[in-house]
$ cat target-v2.json   # JSON, C-alpha atoms
[["chain", "number", "residue", "atom", "x", "y", "z"],
["A", 110, "MET", "CA", -48.31, -3.96, 28.54],
["A", 111, "ASP", "CA", -45.29, -2.00, 29.78],
["A", 112, "PRO", "CA", -42.08, -3.47, 28.24],
["A", 113, "ASN", "CA", -40.30, -3.52, 31.62],
["A", 114, "LEU", "CA", -43.20, -5.35, 33.22],
["A", 115, "ARG", "CA", -43.29, -7.79, 30.31],
["A", 116, "ASN", "CA", -39.54, -8.45, 30.70],
["A", 117, "LEU", "CA", -39.98, -9.09, 34.41],
["A", 118, "LYS", "CA", -42.84, -11.47, 33.75],
["A", 119, "ASP", "CA", -40.80, -13.37, 31.14],
["A", 120, "PHE", "CA", -37.82, -13.58, 33.49],
["A", 121, "LEU", "CA", -39.94, -14.89, 36.38],
["A", 122, "THR", "CA", -41.62, -17.44, 34.12],
["A", 123, "LEU", "CA", -38.24, -18.70, 32.94],
["A", 124, "TYR", "CA", -36.90, -18.74, 36.51],
["A", 125, "ASN", "CA", -39.89, -20.80, 37.70],
["A", 126, "LYS", "CA", -39.48, -23.29, 34.85],
["A", 127, "ILE", "CA", -35.78, -23.77, 35.62],
["A", 128, "THR", "CA", -36.52, -24.17, 39.32],
["A", 129, "GLU", "CA", -39.21, -26.79, 38.73],
["A", 130, "LEU", "CA", -37.15, -28.67, 36.16],
["A", 131, "CYS", "CA", -33.95, -28.83, 38.20],
["A", 132, "PHE", "CA", -35.77, -29.54, 41.46],
["A", 133, "GLY", "CA", -37.63, -32.44, 39.86],
["A", 134, "ARG", "CA", -34.44, -33.89, 38.38],
["A", 135, "CYS", "CA", -32.07, -33.40, 41.29],
["A", 136, "VAL", "CA", -33.84, -33.35, 44.65],
["A", 137, "ASP", "CA", -34.86, -36.78, 45.86],
["A", 138, "ASN", "CA", -34.26, -36.65, 49.60],
["A", 139, "PHE", "CA", -36.74, -34.67, 51.71],
["A", 140, "ASN", "CA", -35.29, -35.68, 55.10],
["A", 141, "GLY", "CA", -33.40, -32.41, 55.59],
["A", 142, "ARG", "CA", -33.61, -28.73, 54.80],
["A", 143, "VAL", "CA", -30.18, -28.56, 53.17],
["A", 144, "LEU", "CA", -29.31, -30.09, 49.81],
["A", 145, "SER", "CA", -26.90, -32.99, 49.87],
["A", 146, "ASN", "CA", -23.59, -32.60, 48.05],
["A", 147, "THR", "CA", -24.86, -34.76, 45.17],
["A", 148, "GLU", "CA", -28.10, -32.77, 44.90],
["A", 149, "ASN", "CA", -26.19, -29.48, 45.01],
["A", 150, "ILE", "CA", -23.86, -30.56, 42.17],
["A", 151, "CYS", "CA", -26.84, -31.81, 40.15],
["A", 152, "VAL", "CA", -28.73, -28.52, 40.58],
["A", 153, "ASN", "CA", -25.64, -26.49, 39.57],
["A", 154, "HIS", "CA", -25.13, -28.60, 36.46],
["A", 155, "CYS", "CA", -28.82, -28.40, 35.59],
["A", 156, "VAL", "CA", -28.98, -24.60, 35.90],
["A", 157, "ASN", "CA", -25.71, -24.12, 33.99],
["A", 158, "LYS", "CA", -26.88, -26.44, 31.22],
["A", 159, "PHE", "CA", -30.18, -24.61, 30.91],
["A", 160, "ALA", "CA", -28.44, -21.22, 30.92],
["A", 161, "ARG", "CA", -26.00, -22.28, 28.17],
["A", 162, "PHE", "CA", -28.87, -23.69, 26.11],
["A", 163, "ASN", "CA", -30.94, -20.54, 26.56],
["A", 164, "GLN", "CA", -27.97, -18.35, 25.60],
["A", 165, "ALA", "CA", -27.35, -20.39, 22.44],
["A", 166, "MET", "CA", -31.02, -20.21, 21.49],
["A", 167, "MET", "CA", -31.12, -16.45, 22.00],
["A", 168, "LYS", "CA", -28.02, -16.06, 19.82],
["A", 169, "VAL", "CA", -29.69, -18.00, 16.99],
["A", 170, "TYR", "CA", -32.92, -16.03, 17.49],
["A", 171, "VAL", "CA", -31.10, -12.70, 17.24],
["A", 172, "GLU", "CA", -29.29, -13.80, 14.07],
["A", 173, "VAL", "CA", -32.46, -15.03, 12.39],
["A", 174, "GLN", "CA", -34.46, -11.99, 13.49],
["A", 175, "THR", "CA", -31.75, -9.69, 12.14],
["A", 176, "GLN", "CA", -31.87, -11.44, 8.77],
["A", 177, "LEU", "CA", -35.66, -11.22, 8.67],
["A", 178, "ASN", "CA", -35.57, -7.53, 9.56],
["A", 179, "GLN", "CA", -33.00, -6.82, 6.83],
["A", 180, "LYS", "CA", -35.08, -8.71, 4.27],
["A", 181, "ARG", "CA", -38.23, -6.82, 5.28],
["A", 182, "LEU", "CA", -36.40, -3.49, 5.14],
["A", 183, "LYS", "CA", -35.13, -4.28, 1.65],
["A", 184, "GLU", "CA", -38.67, -5.19, 0.52],
["A", 185, "LEU", "CA", -40.05, -1.94, 1.95],
["A", 186, "GLU", "CA", -37.32, 0.09, 0.23],
["A", 187, "GLU", "CA", -38.13, -1.60, -3.10],
["A", 188, "GLN", "CA", -41.84, -0.89, -2.64],
["A", 189, "GLN", "CA", -41.07, 2.74, -1.86],
["A", 190, "LYS", "CA", -38.85, 3.00, -4.94],
["A", 191, "LEU", "CA", -41.67, 1.65, -7.12],
["A", 192, "LEU", "CA", -44.14, 4.10, -5.60],
["A", 193, "ASP", "CA", -41.71, 6.96, -6.22],
["A", 194, "GLN", "CA", -41.27, 5.90, -9.85],
["A", 195, "LYS", "CA", -45.04, 5.68, -10.36],
["A", 196, "SER", "CA", -45.57, 9.12, -8.88],
["A", 197, "LEU", "CA", -43.01, 10.60, -11.30],
["A", 198, "GLN", "CA", -44.84, 9.19, -14.31],
["A", 199, "LEU", "CA", -47.79, 11.57, -14.66],
["A", 200, "PRO", "CA", -50.47, 10.31, -17.07],
["A", 201, "ILE", "CA", -51.48, 12.58, -19.94],
["A", 202, "SER", "CA", -55.23, 13.17, -20.09],
["A", 203, "THR", "CA", -57.10, 12.71, -23.37],
["A", 204, "THR", "CA", -57.92, 16.43, -23.60],
["A", 205, "GLU", "CA", -54.24, 17.32, -23.61],
["A", 206, "LYS", "CA", -53.45, 15.01, -26.51],
["A", 207, "SER", "CA", -53.20, 16.73, -29.85],
["A", 208, "ALA", "CA", -51.74, 16.04, -33.21],
["A", 209, "PRO", "CA", -48.15, 17.12, -33.49],
["A", 210, "LEU", "CA", -47.51, 20.25, -35.53],
["A", 211, "ARG", "CA", -45.56, 19.88, -38.69],
["A", 212, "THR", "CA", -42.63, 22.19, -38.97],
["A", 213, "ASP", "CA", -43.47, 23.16, -42.53],
["A", 214, "GLN", "CA", -47.07, 24.07, -41.64],
["A", 215, "LYS", "CA", -47.92, 27.70, -41.09],
["A", 216, "ILE", "CA", -50.05, 28.76, -38.18],
["A", 217, "THR", "CA", -52.40, 30.63, -40.49],
["A", 218, "ASP", "CA", -53.14, 27.52, -42.56],
["A", 219, "ASN", "CA", -55.54, 26.25, -39.88],
["A", 220, "LEU", "CA", -57.48, 29.52, -39.55],
["A", 221, "PRO", "CA", -60.87, 29.84, -41.32],
["A", 222, "ALA", "CA", -60.86, 32.18, -44.34]]
$ encode --input "target-v2.json" --output "structure tokens"
Amino acid sequence: MDPNLRNLKDFLTLYNKITELCFGRCVDNFNGRVLSNTENICVNHCVNKFARFNQAMMKVYVEVQTQLNQKRLKELEEQQKLLDQKSLQLPISTTEKSAPLRTDQKITDNLPA
């Protein structure tokens, strides 16, 4: 899904939830089309309270998500470092292994007579 479309959908969902919540809590008189002064104050307080709560929650979410991202990045860097170290350590095959030459041994000593 397009990120902009997803953001719009999330915003509209949140807007609808706030509207339903505050309407249910504050509007109790259906005799007129205009909100009473008491209902208007209640709706304003409700929306402001929800907005402050949502802002505080988003702040905590961003902090926690940042910490998680830093931890994951550190883990990935450590894994990469281990992989780099392993790739530098080339194994010696069994055919390449030989007995070390003694310094006092002549090359001709090993030749058949």
$ residues_around --input "target-v2.json" --residues "stretch 124-132 of chain A" --least-positions-apart "6" --cutoff "12 Å" --atoms "all atoms listed in the file" --output "list in words"
Leu117, Lys118, Asn138, Phe139, Leu144, Glu148, Asn149, Ile150, Cys151, Val152, Asn153, His154, Cys155, Val156, Asn157, Lys158, Phe159, Ala160, Phe162 and Asn163 of chain A
$ axis_aligned_box --input "target-v2.json" --around "stretch 175-188 of chain A" --padding-each-side "8 Å" --output "lines of an AutoDock Vina configuration file"
center_x = -36.8
center_y = -5.7
center_z = 4.5
size_x = 26.1
size_y = 27.5
size_z = 31.2
$ atom_distance --input "target-v2.json" --atom1 "atom CA of A:Lys168" --atom2 "atom CA of A:Lys180"
18.6 Å
$ atom_distance --input "target-v2.json" --atom1 "atom CA of A:Ala165" --atom2 "atom CA of A:Lys183"
27.4 Å
$ atom_distance --input "target-v2.json" --atom1 "atom CA of A:Asn113" --atom2 "atom CA of A:Arg181"
26.6 Å
